[in-house]
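**Student:** Below: one structure in structure tokens.
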Amino acid sequence: MKRVIGILLPFWLAACAPAPPPANTLVIGVETGPATLDPRLATDAASVNACRLIYAPLFRRDEQMRLVPQSAEKLAWKDPLTCVITLRRGLRFHTGAPLTAEDVRYTLLSIVDEKSASPLKSSLGEVAAVDAPDPFTLVVRLKKPFAPFNAGLTFGIVPRGAGEELARKPVGAGPFRFISYEPGERLTLARNLDYMDGAPRLAGVVLKIVPDETVRLLELKKHNVHLVMNPITPAVLPWLAVQKGIVVKDAPGANVSYIGVNMRDPALKNSLVRRAIAHAIDRGAITARLLKGLADTTDTLIAPPNPFHATGLPQRPFSPETAKRLLDEAGYPDPGNGHPRLTLTFKTSKNPTRRTQAEVFAENLARVGIAVEIKSMEWGSFFGDIKSGNFQLYSLTWVGIADPDILHFIFHSSSLPPAGANRGGYANPALDRLLEEGRATADENGRKRIYDEAQRLLAEELPFVTLWSGRNVAAMDTRLKGFVIYPDESLDSLATAWLEGGD
Amino acid sequence: MRYLAARLLLLLPTLFGVVTAVFLVIHLIPGDPVEAMLGETAVAAEKDALRRELGLDRPLLAQYGGYLAALARGDLGASISTRQPVLGEIAARWPATLELAVAALLLAAVTAVPLGVLAAARRGGALDNATLFFSLIGVAVPSFWLGPLLIIVFSIGLAWLPVSGREGIASLILPAVTLGAGMAAILLRLTRSAVLEAAEDDYIRAARARGLPEWRVYLKHALGNALLPVVTMMGLQLGALLSGTVITETIFSWPGVGRLMIEAIERRDYPLVQGCVLNIALCYVFANFAVDIIYAWLDPRIRLER
């Protein structure tokens, strides 16, 4: 009897399992599911990425982070306050309803509406009026010039009149249409046969929620899942590399880590001390060993491949000798007897990765005579202290840096919290002027020159020490072809990717 | 019946305490909860709106009153990240948790109680030693280790069972075993010692003297009295199981309330965290209540004392 059960049990269990997804459906293992499927309200990465599959934007960013038209055909500025956008013809929502300028107008207005809770609001500047004179033309008038406006046109277009129900029953015009969402389990999408760039080759996409990283990778090994993207712990990469049928790829990302500096601090307001800190930290060793090569050191927040990345910036190579010399110059000589020249507090969250990094920074700085006391705090208190300027040094990461206007938010003297993120209280009239000019200049080449200069100024002054930009890593089934890792982790390339032997 | 009414009445102050404690949770968070919830890109208007929505702009006592009134209507507020009612979010995850909890508890009870009785009956024998060994392992092995191990053996190696997810009865087995193993170990030891203790009593000797077969002595007479501590333990464990088992749910991608709470904490979704904490507290309160009732049913003395 036991033997019979032993033989039959696996079959019975197999019979109980539901049918596997149809062939040629790509299953992506994700850590968390989207909180909302309304593109106007999406803030977390999971929601943003899912929305990009379902909704079509006017413009999107390609793998070089350049803005390219999607639903828009062209964009022209009639004057610094008036933008005219022409839509492509024949666009349709998944319901079959045509996508017209009225829908774009509705979406835009519902984002900038006073009562809207959309996190995209500030990316569009101050909108005075939006008109749709015909189904393919949209005219937006701004209250004052706002060059980053173009970059804000990457929001997903929703059907006019769409309200709260969109969060759970999304309707867009993107490459994949919504089938079902079971929170905590999976989001199921099927290809949009009427997609403007032609129907995707994949029959569908499933975001399977597998919160545990080890299990996510085991699902990949079993080929139940075809794609797993960051975060992947660097330590498991060697194991992944030798698995049959799995390939690991990485590409530059748009998240930049930095050490924040309080410019109001008597020691840190001296630029020599900040330069000493930059020279003391061995970024090369940290990216190579701690981060296993999954990061590139950078001297500016606008890291490659961003088209606004400035080259030829002042370098701060690892050099404890230079750091010591700079501290001597700054008036912090070596007191001898192993006493520190200077003592600083470094605040960080309870995140284990951050704490490890903080310990390495402390060790690096101790070598040049700067004693560092690490204060690891619960996130709420930590972030509260950072915002209120109650810190000397801290470390955080800016996520998804795209338009260089972010520098206005971080460094302009008017961007003190809560209005902006100038937490260190940096104030430099020359930089302020550049950032205001950049905001008001529509011409791309002109903007590039302005932001090159701004980045040079920041690298010179070091109101914070830029460390590295993370690389995006993807582990995937070798049958997945045509998948491209975008700097902002977008899944846009699934519109043209395919599973070998699937179709 | 009077006993039941008395127990129910006693629940009220407990519930009141629980509800008050949960209310205080949101006010004990370091820093400004609104700042923490909205993150760095929020503008002042959004923060004010959320502060009003959460009622954080009103005096503490007024907030407490409003919270109690809303609670009485079954209104736990709306989640910040999903903008859906908290009650609905929790209710949607309940079936998965209930399924897993019942499966794990059944599995534990079905293996532990008979084995415990057998171990007691064959005290010092090979079976007793074997169960001692396995129950020690069962207690000592953490679920975050056992779970992946089971996956590697049964899903990757033998390919019998799915790796993770909640897709049919097959996917229930590994999480139920992971969760049930530790519990079975504790229940087994408890059953064994309780049966052994009962076996020393006079009524057992009387039963033997009457010439009852050994199995009847153990199953009918000893086990009946030994069940009390076992039921208490099962009740406590059910409370823990129903409030969601974070680690097991996470490992097996099981969409239960434990994971919902972790997601809520990660998103700093305080209304949802508050709802989950309330849910946990209520699970314990009601599991204990259920134990009291079962006690009275198992042991007539408890009923008579009232």
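Just remember, in the structure tokens the first chain shown is A, the second B, etc., residues are 1-based per chain, and ligands are 1-based in the order shown.
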Can you list, as an mmCIF file with C-alpha atoms, in the first residue's frame, every residue of range 149-201 of chain B that DSSP puts in helix (DSSP H, G or I)?

**Tutor:**
data_model
loop_
_atom_site.group_PDB
_atom_site.id
_atom_site.type_symbol
_atom_site.label_atom_id
_atom_site.label_comp_id
_atom_site.auth_asym_id
_atom_site.auth_seq_id
_atom_site.Cartn_x
_atom_site.Cartn_y
_atom_site.Cartn_z
ATOM 1 C CA LEU B 149 16.031 22.685 2.203
ATOM 2 C CA LEU B 150 12.642 21.134 1.466
ATOM 3 C CA ILE B 151 12.439 23.131 -1.759
ATOM 4 C CA ILE B 152 15.858 21.906 -2.852
ATOM 5 C CA VAL B 153 15.001 18.271 -2.111
ATOM 6 C CA PHE B 154 11.361 18.018 -3.176
ATOM 7 C CA SER B 155 11.044 20.714 -5.827
ATOM 8 C CA ILE B 156 14.457 20.971 -7.433
ATOM 9 C CA GLY B 157 15.856 17.464 -6.841
ATOM 10 C CA ALA B 170 0.443 20.486 -4.001
ATOM 11 C CA SER B 171 1.821 23.926 -3.247
ATOM 12 C CA LEU B 172 0.407 23.724 0.293
ATOM 13 C CA ILE B 173 2.487 20.715 1.333
ATOM 14 C CA LEU B 174 5.952 22.189 1.740
ATOM 15 C CA PRO B 175 4.904 25.326 3.621
ATOM 16 C CA ALA B 176 2.613 23.251 5.866
ATOM 17 C CA VAL B 177 5.450 20.835 6.658
ATOM 18 C CA THR B 178 7.888 23.704 7.281
ATOM 19 C CA LEU B 179 5.452 25.340 9.623
ATOM 20 C CA GLY B 180 4.129 22.137 11.183
ATOM 21 C CA ALA B 181 7.509 20.515 11.934
ATOM 22 C CA GLY B 182 8.473 22.665 14.901
ATOM 23 C CA MET B 183 4.954 22.610 16.213
ATOM 24 C CA ALA B 184 4.682 18.837 15.902
ATOM 25 C CA ALA B 185 7.928 18.470 17.830
ATOM 26 C CA ILE B 186 6.645 20.537 20.735
ATOM 27 C CA LEU B 187 3.242 18.842 20.749
ATOM 28 C CA LEU B 188 4.852 15.415 20.647
ATOM 29 C CA ARG B 189 7.001 16.058 23.715
ATOM 30 C CA LEU B 190 4.067 17.597 25.499
ATOM 31 C CA THR B 191 1.705 14.715 24.708
ATOM 32 C CA ARG B 192 4.309 12.173 25.779
ATOM 33 C CA SER B 193 5.005 13.751 29.161
ATOM 34 C CA ALA B 194 1.322 14.448 29.835
ATOM 35 C CA VAL B 195 0.373 10.861 29.042
ATOM 36 C CA LEU B 196 3.224 9.556 31.193
ATOM 37 C CA GLU B 197 2.109 11.711 34.073
ATOM 38 C CA ALA B 198 -1.484 10.562 33.714
ATOM 39 C CA ALA B 199 -0.350 6.935 33.504
#

**Student:** At a cut-off of 8 Å, list the chain A residues touching chain B, using only C-alpha atoms, as a VMD selection string.

**Tutor:** chain A and resid 10 13 to 14 16 to 18 32 35 to 36 117 119 167 183 to 185 209 to 212 214 to 215 218 to 219 222 380 to 381 383 to 384 418 to 421

**Student:** I'd like to know which of A:Ala442, A:Ala427, A:Ile401, A:Leu142 is closest to Pro305 in chain A, using only C-alpha atoms.

**Tutor:**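 Checking each candidate against Pro305 in chain A, we get A:Ile401 as the closest.
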
**Student:** For Ala76 in chain A, find every residue with an atom within 9 Å (counting only C-alpha atoms), except residues of its own chain fewer than 3 positions away, and show them as a PyMOL selection string.

**Tutor:** chain A and resi 79+82-86

**Student:** Could the residues in this selection be written to a file with all heavy atoms, as a compact mmCIF listing (two decimals), in the first residue's frame?

**Tutor:**
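The resulting file, part-v3.txt, is shown below:
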# COMPACT_ATOMS: atom_id res chain seq x y z
N ASP A 79 6.79 79.06 -28.27
CA ASP A 79 7.54 80.07 -27.53
C ASP A 79 7.90 79.42 -26.20
O ASP A 79 7.45 78.29 -25.94
CB ASP A 79 6.70 81.36 -27.35
CG ASP A 79 5.39 81.09 -26.64
OD1 ASP A 79 5.41 80.74 -25.45
OD2 ASP A 79 4.32 81.20 -27.29
N THR A 82 4.79 77.87 -24.57
CA THR A 82 3.77 77.11 -25.29
C THR A 82 4.38 75.91 -26.02
O THR A 82 5.24 76.06 -26.87
CB THR A 82 3.05 78.00 -26.33
OG1 THR A 82 2.75 79.24 -25.70
CG2 THR A 82 1.78 77.34 -26.82
N CYS A 83 3.88 74.73 -25.64
CA CYS A 83 4.40 73.49 -26.23
C CYS A 83 3.29 72.85 -27.05
O CYS A 83 2.16 72.70 -26.57
CB CYS A 83 4.83 72.58 -25.08
SG CYS A 83 5.29 70.95 -25.61
N VAL A 84 3.59 72.48 -28.29
CA VAL A 84 2.60 71.84 -29.15
C VAL A 84 3.04 70.40 -29.41
O VAL A 84 4.14 70.16 -29.92
CB VAL A 84 2.44 72.60 -30.49
CG1 VAL A 84 1.39 71.91 -31.36
CG2 VAL A 84 2.06 74.05 -30.24
N ILE A 85 2.19 69.45 -29.04
CA ILE A 85 2.52 68.04 -29.21
C ILE A 85 1.57 67.43 -30.23
O ILE A 85 0.35 67.60 -30.14
CB ILE A 85 2.40 67.29 -27.87
CG1 ILE A 85 3.32 67.92 -26.82
CG2 ILE A 85 2.71 65.81 -28.03
CD1 ILE A 85 2.96 67.57 -25.40
N THR A 86 2.14 66.76 -31.23
CA THR A 86 1.31 66.09 -32.23
C THR A 86 1.32 64.59 -31.95
O THR A 86 2.38 64.01 -31.75
CB THR A 86 1.86 66.35 -33.65
OG1 THR A 86 2.14 67.75 -33.75
CG2 THR A 86 0.87 65.94 -34.71

**Student:** Quick one: everything within 12 Å of Ala402 in chain A, counting only C-alpha atoms, minus sequence neighbours fewer than 4 positions away in the same chain. Send it as a PyMOL selection string.

**Tutor:** chain A and resi 60-67+123+148+150-152+154+253-256+301-309+398+406-407+486-488

**Student:** So which residues touch range 324-330 of chain A within 8 Å, counting only C-alpha atoms, skipping near sequence neighbours fewer than 5 positions away, as a list in words?

**Tutor:**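 Residues meeting the cut-off are Asn270, Leu272, Val273, Arg275, Ala276, Val368 and Gly369 of chain A.
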
**Student:** Write the residues of the selection above to a file with all heavy atoms, as a compact mmCIF listing (two decimals), in the first residue's frame.

**Tutor:**
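Saved result, result.txt, follows:
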# COMPACT_ATOMS: atom_id res chain seq x y z
N ASN A 270 34.71 73.79 5.24
CA ASN A 270 36.01 73.99 4.61
C ASN A 270 36.16 72.99 3.45
O ASN A 270 36.19 71.78 3.67
CB ASN A 270 37.09 73.76 5.68
CG ASN A 270 38.47 74.06 5.15
OD1 ASN A 270 38.69 74.08 3.94
ND2 ASN A 270 39.39 74.32 6.07
N LEU A 272 38.59 72.11 1.78
CA LEU A 272 39.78 71.25 1.85
C LEU A 272 39.46 69.96 2.60
O LEU A 272 39.92 68.87 2.24
CB LEU A 272 40.92 71.99 2.55
CG LEU A 272 41.48 73.21 1.79
CD1 LEU A 272 42.42 74.00 2.70
CD2 LEU A 272 42.21 72.76 0.54
N VAL A 273 38.64 70.08 3.65
CA VAL A 273 38.27 68.89 4.42
C VAL A 273 37.42 67.96 3.57
O VAL A 273 37.62 66.73 3.56
CB VAL A 273 37.51 69.30 5.71
CG1 VAL A 273 37.01 68.08 6.46
CG2 VAL A 273 38.41 70.14 6.61
N ARG A 275 37.46 67.72 0.33
CA ARG A 275 38.32 67.08 -0.66
C ARG A 275 39.15 65.97 -0.02
O ARG A 275 39.37 64.91 -0.63
CB ARG A 275 39.21 68.12 -1.33
CG ARG A 275 38.48 68.87 -2.43
CD ARG A 275 39.18 70.12 -2.87
NE ARG A 275 40.55 69.87 -3.32
CZ ARG A 275 41.44 70.84 -3.55
NH1 ARG A 275 41.09 72.10 -3.36
NH2 ARG A 275 42.64 70.55 -3.98
N ALA A 276 39.59 66.21 1.21
CA ALA A 276 40.36 65.18 1.92
C ALA A 276 39.51 63.91 2.08
O ALA A 276 39.99 62.79 1.86
CB ALA A 276 40.80 65.70 3.27
N VAL A 368 43.42 58.32 7.52
CA VAL A 368 43.98 59.66 7.30
C VAL A 368 43.80 60.54 8.53
O VAL A 368 44.05 61.74 8.47
CB VAL A 368 43.34 60.33 6.05
CG1 VAL A 368 43.58 59.49 4.81
CG2 VAL A 368 41.87 60.61 6.26
N GLY A 369 43.36 59.94 9.62
CA GLY A 369 43.29 60.70 10.86
C GLY A 369 41.94 61.32 11.16
O GLY A 369 41.81 62.17 12.03

**Student:** Rounded to one decimal in Å, what is the spacing between CA of Asn230 in chain A and CA of Thr478 in chain A?

**Tutor:** 17.5 Å

**Student:** Using only C-alpha atoms, determine which residues lie at most 6 Å from Val27 in chain A, disregarding the query and same-chain residues fewer than 6 positions distant; provide the list as a list in words.

**Tutor:**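 Using only C-alpha atoms, the neighbours found are Val205, Val206, Leu207, Val225 and His226 of chain A.
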
**Student:** I need the residues from that last selection saved to file as a short mmCIF file (atom, residue, chain, number, x, y, z; two decimals), in the first residue's frame (with C-alpha atoms), if you can.

**Tutor:**
data_model
loop_
_atom_site.label_atom_id
_atom_site.label_comp_id
_atom_site.auth_asym_id
_atom_site.auth_seq_id
_atom_site.Cartn_x
_atom_site.Cartn_y
_atom_site.Cartn_z
CA VAL A 205 3.98 38.58 -19.33
CA VAL A 206 3.45 37.35 -15.79
CA LEU A 207 5.00 39.15 -12.83
CA VAL A 225 10.64 31.95 -14.00
CA HIS A 226 12.54 33.34 -16.99
#

**Student:** Tell me which of A:Ala475, A:Phe361, A:Thr348, A:Arg89 sits closest to Ile386 in chain A, counting only C-alpha atoms.

**Tutor:** A:Thr348

**Student:** Excluding range 293-302 of chain B and any residue of its chain fewer than 3 positions from it, enumerate the residues within 10 Å of it, using only C-alpha atoms, and give them as a PyMOL selection string.

**Tutor:** chain B and resi 3-4+7+224-225+227-229+231-232+235+287-290+305-306

**Student:** Atoms to include: N, CA and C atoms. Write the selected residues as a compact mmCIF listing (two decimals), in the first residue's frame.

**Tutor:**
# COMPACT_ATOMS: atom_id res chain seq x y z
N TYR B 3 -20.88 30.23 31.92
CA TYR B 3 -19.42 30.28 31.80
C TYR B 3 -19.03 30.99 30.50
N LEU B 4 -19.72 30.63 29.43
CA LEU B 4 -19.44 31.23 28.12
C LEU B 4 -19.68 32.73 28.17
N ARG B 7 -16.94 34.47 30.04
CA ARG B 7 -15.70 34.56 29.24
C ARG B 7 -15.83 35.67 28.19
N GLY B 224 -7.26 11.19 27.41
CA GLY B 224 -8.34 12.13 27.72
C GLY B 224 -7.90 13.18 28.73
N ASN B 225 -7.20 12.75 29.75
CA ASN B 225 -6.74 13.70 30.76
C ASN B 225 -5.48 14.44 30.35
N LEU B 227 -4.88 15.59 27.48
CA LEU B 227 -5.11 16.54 26.38
C LEU B 227 -5.10 18.01 26.80
N LEU B 228 -5.39 18.28 28.08
CA LEU B 228 -5.53 19.69 28.48
C LEU B 228 -4.32 20.56 28.11
N PRO B 229 -3.11 20.22 28.57
CA PRO B 229 -1.96 21.07 28.19
C PRO B 229 -1.72 21.08 26.69
N VAL B 231 -3.99 20.94 24.32
CA VAL B 231 -4.94 21.86 23.71
C VAL B 231 -4.51 23.31 23.96
N THR B 232 -4.03 23.60 25.16
CA THR B 232 -3.56 24.96 25.45
C THR B 232 -2.47 25.36 24.46
N GLY B 235 -3.77 25.95 21.01
CA GLY B 235 -4.48 27.23 20.93
C GLY B 235 -3.51 28.38 20.75
N ALA B 287 -8.06 33.07 19.88
CA ALA B 287 -7.52 31.72 20.03
C ALA B 287 -7.54 31.34 21.51
N ASN B 288 -7.19 32.30 22.38
CA ASN B 288 -7.24 32.02 23.81
C ASN B 288 -8.66 31.77 24.29
N PHE B 289 -9.58 32.53 23.72
CA PHE B 289 -10.98 32.37 24.06
C PHE B 289 -11.44 30.96 23.68
N ALA B 290 -11.03 30.55 22.49
CA ALA B 290 -11.41 29.22 22.01
C ALA B 290 -10.84 28.14 22.92
N GLU B 305 -17.00 24.93 38.61
CA GLU B 305 -16.50 25.94 39.54
C GLU B 305 -17.25 27.25 39.41
N ARG B 306 -17.78 27.51 38.25
CA ARG B 306 -18.44 28.80 38.03
C ARG B 306 -19.83 28.80 38.64

**Student:** Measure the distance from CA of Val360 in chain A to CA of Ala45 in chain A in Å and round it to one decimal.

**Tutor:**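 Those two atoms sit 28.6 Å apart.
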